[in-house]
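Notes for the one structure printed next.
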Amino acid sequence: MLVVNATSKQRLANLVKELRGERSQRSFAKLLRVSNQAVQNWEKEKTWPDEENLQRLAQLKGWTLKQLQAYLAGEPQADEGVICADMGEISERTLNIQQLLAQVRMLPFQAAAQVAQAALETMAIRGEKAS
């Protein structure tokens, strides 16, 4: 069970804002099937979503509920290799594709953009070699 503290509320607020993107709170709330007041309160760190809403947020991010809870608690995934937020290191453990994707989804936007750029560059190089 996740202990809700100021840090986890801040992480939730940031995640909700990230997932909402350019959408209004109202349209994002409609997507989640909650009130726009609920979204507003999560972003202002006033209230905490129930487990069903946490599950919906996790799905929008492409995570499991367990991964979301670990992120909100500030914990690394215990049974998976970890990609550092600064992209400086990948653990020596070989990651399968699903684990790698889960880790990329947990990165801040800029770090995920770096991963995407590296993937595109790699694909371009390999495509040239195949020609």
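Every chain in the structure tokens has a letter given in the order shown (A, B, ...), and although residue numbers restart at 1 in each chain, ligands are simply numbered from 1 in the order shown.
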So which residues touch Leu60 (chain A) within 10 Å, counting only C-alpha atoms, skipping near sequence neighbours fewer than 2 positions away, as number ranges by chain?
A: 16, 19-20, 31-32, 54-58, 62-64
So that I have them on file, write out the residues from the current selection with N, CA and C atoms, as a PDB file, in the first residue's frame.
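Final file, out-v3.pdb:
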ATOM      1  N   VAL A  16      -0.367  13.952 -13.684  1.00  0.00           N
ATOM      2  CA  VAL A  16      -1.676  14.325 -14.228  1.00  0.00           C
ATOM      3  C   VAL A  16      -1.511  15.449 -15.248  1.00  0.00           C
ATOM      4  N   LEU A  19       0.008  13.931 -18.404  1.00  0.00           N
ATOM      5  CA  LEU A  19      -0.964  13.135 -19.158  1.00  0.00           C
ATOM      6  C   LEU A  19      -2.043  14.006 -19.805  1.00  0.00           C
ATOM      7  N   ARG A  20      -2.416  15.059 -19.112  1.00  0.00           N
ATOM      8  CA  ARG A  20      -3.444  15.968 -19.632  1.00  0.00           C
ATOM      9  C   ARG A  20      -2.922  16.733 -20.833  1.00  0.00           C
ATOM     10  N   LEU A  31     -12.427  12.080 -20.099  1.00  0.00           N
ATOM     11  CA  LEU A  31     -11.699  10.893 -20.533  1.00  0.00           C
ATOM     12  C   LEU A  31     -11.569   9.883 -19.389  1.00  0.00           C
ATOM     13  N   LEU A  32     -11.313  10.389 -18.180  1.00  0.00           N
ATOM     14  CA  LEU A  32     -11.147   9.529 -17.003  1.00  0.00           C
ATOM     15  C   LEU A  32     -12.469   9.148 -16.332  1.00  0.00           C
ATOM     16  N   LEU A  54      -6.534   5.615 -10.059  1.00  0.00           N
ATOM     17  CA  LEU A  54      -5.099   5.388 -10.206  1.00  0.00           C
ATOM     18  C   LEU A  54      -4.837   4.393 -11.331  1.00  0.00           C
ATOM     19  N   GLN A  55      -5.678   3.369 -11.415  1.00  0.00           N
ATOM     20  CA  GLN A  55      -5.546   2.369 -12.481  1.00  0.00           C
ATOM     21  C   GLN A  55      -5.735   3.023 -13.848  1.00  0.00           C
ATOM     22  N   ARG A  56      -6.697   3.894 -13.967  1.00  0.00           N
ATOM     23  CA  ARG A  56      -6.925   4.597 -15.243  1.00  0.00           C
ATOM     24  C   ARG A  56      -5.737   5.478 -15.616  1.00  0.00           C
ATOM     25  N   LEU A  57      -5.183   6.171 -14.627  1.00  0.00           N
ATOM     26  CA  LEU A  57      -4.002   7.000 -14.878  1.00  0.00           C
ATOM     27  C   LEU A  57      -2.826   6.129 -15.320  1.00  0.00           C
ATOM     28  N   ALA A  58      -2.652   4.994 -14.657  1.00  0.00           N
ATOM     29  CA  ALA A  58      -1.568   4.079 -15.018  1.00  0.00           C
ATOM     30  C   ALA A  58      -1.732   3.607 -16.467  1.00  0.00           C
ATOM     31  N   GLY A  62       0.629   3.937 -19.749  1.00  0.00           N
ATOM     32  CA  GLY A  62       1.195   2.699 -20.270  1.00  0.00           C
ATOM     33  C   GLY A  62       1.872   1.867 -19.208  1.00  0.00           C
ATOM     34  N   TRP A  63       1.490   2.096 -17.959  1.00  0.00           N
ATOM     35  CA  TRP A  63       2.071   1.395 -16.824  1.00  0.00           C
ATOM     36  C   TRP A  63       1.044   0.473 -16.202  1.00  0.00           C
ATOM     37  N   THR A  64       1.535  -0.406 -15.350  1.00  0.00           N
ATOM     38  CA  THR A  64       0.663  -1.178 -14.477  1.00  0.00           C
ATOM     39  C   THR A  64       0.386  -0.317 -13.241  1.00  0.00           C
TER      40      THR A  64
END
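Closest to Leu12 (chain A) among A:Ala118, A:Ala124, A:Ala111, A:Ala73 is A:Ala73, based on only C-alpha atoms.
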So the first atom is CA of Lys30 (chain A) and the second is CA of Glu51 (chain A); what is the distance between them in Å, to one decimal place?
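According to the coordinates, CA of Lys30 (chain A) and CA of Glu51 (chain A) are separated by 17.5 Å.
For the pair CA of Asn36 (chain A) and CA of Leu15 (chain A), the separation is 15.9 Å.
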Can you list, as a list in words, every protein, DNA or RNA residue that comes within 6 Å of region 41-46 of chain A when you count only C-alpha atoms, leaving out same-chain residues fewer than 3 positions away?
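Answer for this query is Lys9, Ala13 and Ala38 of chain A.
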Output N, CA and C atoms for every residue in the selection just made, as an mmCIF file, in the first residue's frame.
data_model
loop_
_atom_site.group_PDB
_atom_site.id
_atom_site.type_symbol
_atom_site.label_atom_id
_atom_site.label_comp_id
_atom_site.auth_asym_id
_atom_site.auth_seq_id
_atom_site.Cartn_x
_atom_site.Cartn_y
_atom_site.Cartn_z
ATOM 1 N N LYS A 9 2.150 13.253 -3.603
ATOM 2 C CA LYS A 9 1.124 14.150 -4.148
ATOM 3 C C LYS A 9 1.701 15.033 -5.249
ATOM 4 N N ALA A 13 0.540 15.086 -9.109
ATOM 5 C CA ALA A 13 0.145 16.332 -9.778
ATOM 6 C C ALA A 13 0.922 16.514 -11.074
ATOM 7 N N ALA A 38 -12.208 16.971 -9.637
ATOM 8 C CA ALA A 38 -11.272 15.926 -9.186
ATOM 9 C C ALA A 38 -9.903 16.147 -9.814
#
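With only C-alpha atoms as the atoms that count, the residue of A:Pro49, A:Gly74, A:Gly21, A:Pro108 with the shortest distance to Ser8 (chain A) is A:Gly74.
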Can you work out the spacing between CA of Gln59 (chain A) and CA of Met106 (chain A) in Å, to one decimal?
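CA of Gln59 (chain A) sits 12.6 Å away from CA of Met106 (chain A).
Nearest to Val4 (chain A) of all the residues A:Leu107, A:Leu72, A:Ile125, A:Leu100 is A:Leu72, based on only C-alpha atoms.
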